[in-house]
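J.: This is the structure, below, for whatever I ask next.
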Amino acid sequence: MRYITIALAKGRLAELTIDLLEQAGLDVSELRVKSRKLIFTDEANKFKFILVKASDVPTYVEYGAADIGVVGRDTLLEEGRNLYELIDLGFGACRMCVAGPKELAGKLDAINNMRVASKYVNIAKHYYALEKKQSVEIIKLNGSVELAPLVGLSEVIVDIVESGKTLKENGLAVLEEICDLSARFVVNRVSMKVEKERIMGLADKLRALVAN
């Protein structure tokens, strides 16, 4: 029996996933030991776990280096990989939003040559081109996106919002909601054919746990 490999997004998402996989009957004890290892095994159930950067999870899964991945929907939308998205796991819930100074509320459609700063360039492009039918300039930033409207780099930002506290502290507000986000269970298309029984067996257990 071959190993089924699961790619986990390093950090908080991995911790929540590990708890869920343990409840589903997998041996995740190796993953709980602090170490620099990147590959962990559950010998009894023939599963392997790899810890990778969140933005790389869809790549590992699409190319078959991992059969399964657990990653946020924001990463899936941004990366646009060819995968099966099987389950909304529900945790890591937040929203992708357009945010900016609150005085711009209700006035965004009237701004000509609007500049939008974001880490999520593809999500922003898709939203403005396909949903808003609005021509904007998108500026890629890698961190502290909230700063952009404050220093005149952009009128608004597209970013993940959880509580909205960071926005509020910087005098910004949510102006439009793009979509809801949470952790997703994704599967490589070939793996789904070759190991359908085992993958669906795990998926069904996780689905039942999430439903409770």
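Chains: A, B, ... in order of the structure tokens. Residues: from 1 per chain. Ligands: from 1, in order shown.
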Applying 7 Å and only C-alpha atoms, which residues near Val174 of chain A remain after dropping the ones on its own chain fewer than 6 positions away? List them as a PyMOL selection string.

T.: chain A and resi 97-100

J.: So that I can see what lies close to segment 113-123 of chain A, please list as an MDAnalysis selection string the residues with an atom at most 12 Å from it, counting only C-alpha atoms and leaving out residues fewer than 2 positions away in the same chain.

T.: chainID A and resid 55 73:80 96:100 104 107:111 125:131 134:160 178:179

J.: Looking at only C-alpha atoms, which of A:Glu177, A:Glu169, A:Asp27, A:Glu85 is the one that sits closest to Ala44 of chain A?

T.: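 Using only C-alpha atoms, Ala44 of chain A sits closest to A:Asp27.
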
J.: From the list A:Met192, A:Ala24, A:Leu202, A:Ala9, which residue is nearest Thr59 of chain A when using only C-alpha atoms?

T.: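 Checking each candidate against Thr59 of chain A, we get A:Ala9 as the closest.
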
J.: Kindly indicate which residue among A:Gly171, A:Val186, A:Lys165, A:Met200 lies nearest to Tyr84 of chain A, using only C-alpha atoms for the distances.

T.: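 Among the listed residues, A:Val186 lies closest to Tyr84 of chain A.
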
J.: Mind the document's chain letters and residue numbers, and return as a PyMOL selection string the residues of segment 4-212 of chain A that DSSP labels helix (DSSP H, G or I).

T.: chain A and resi 12-23+29-32+54-62+73-79+102-104+108-110+121-131+147-150+165-169+189-194+196-211
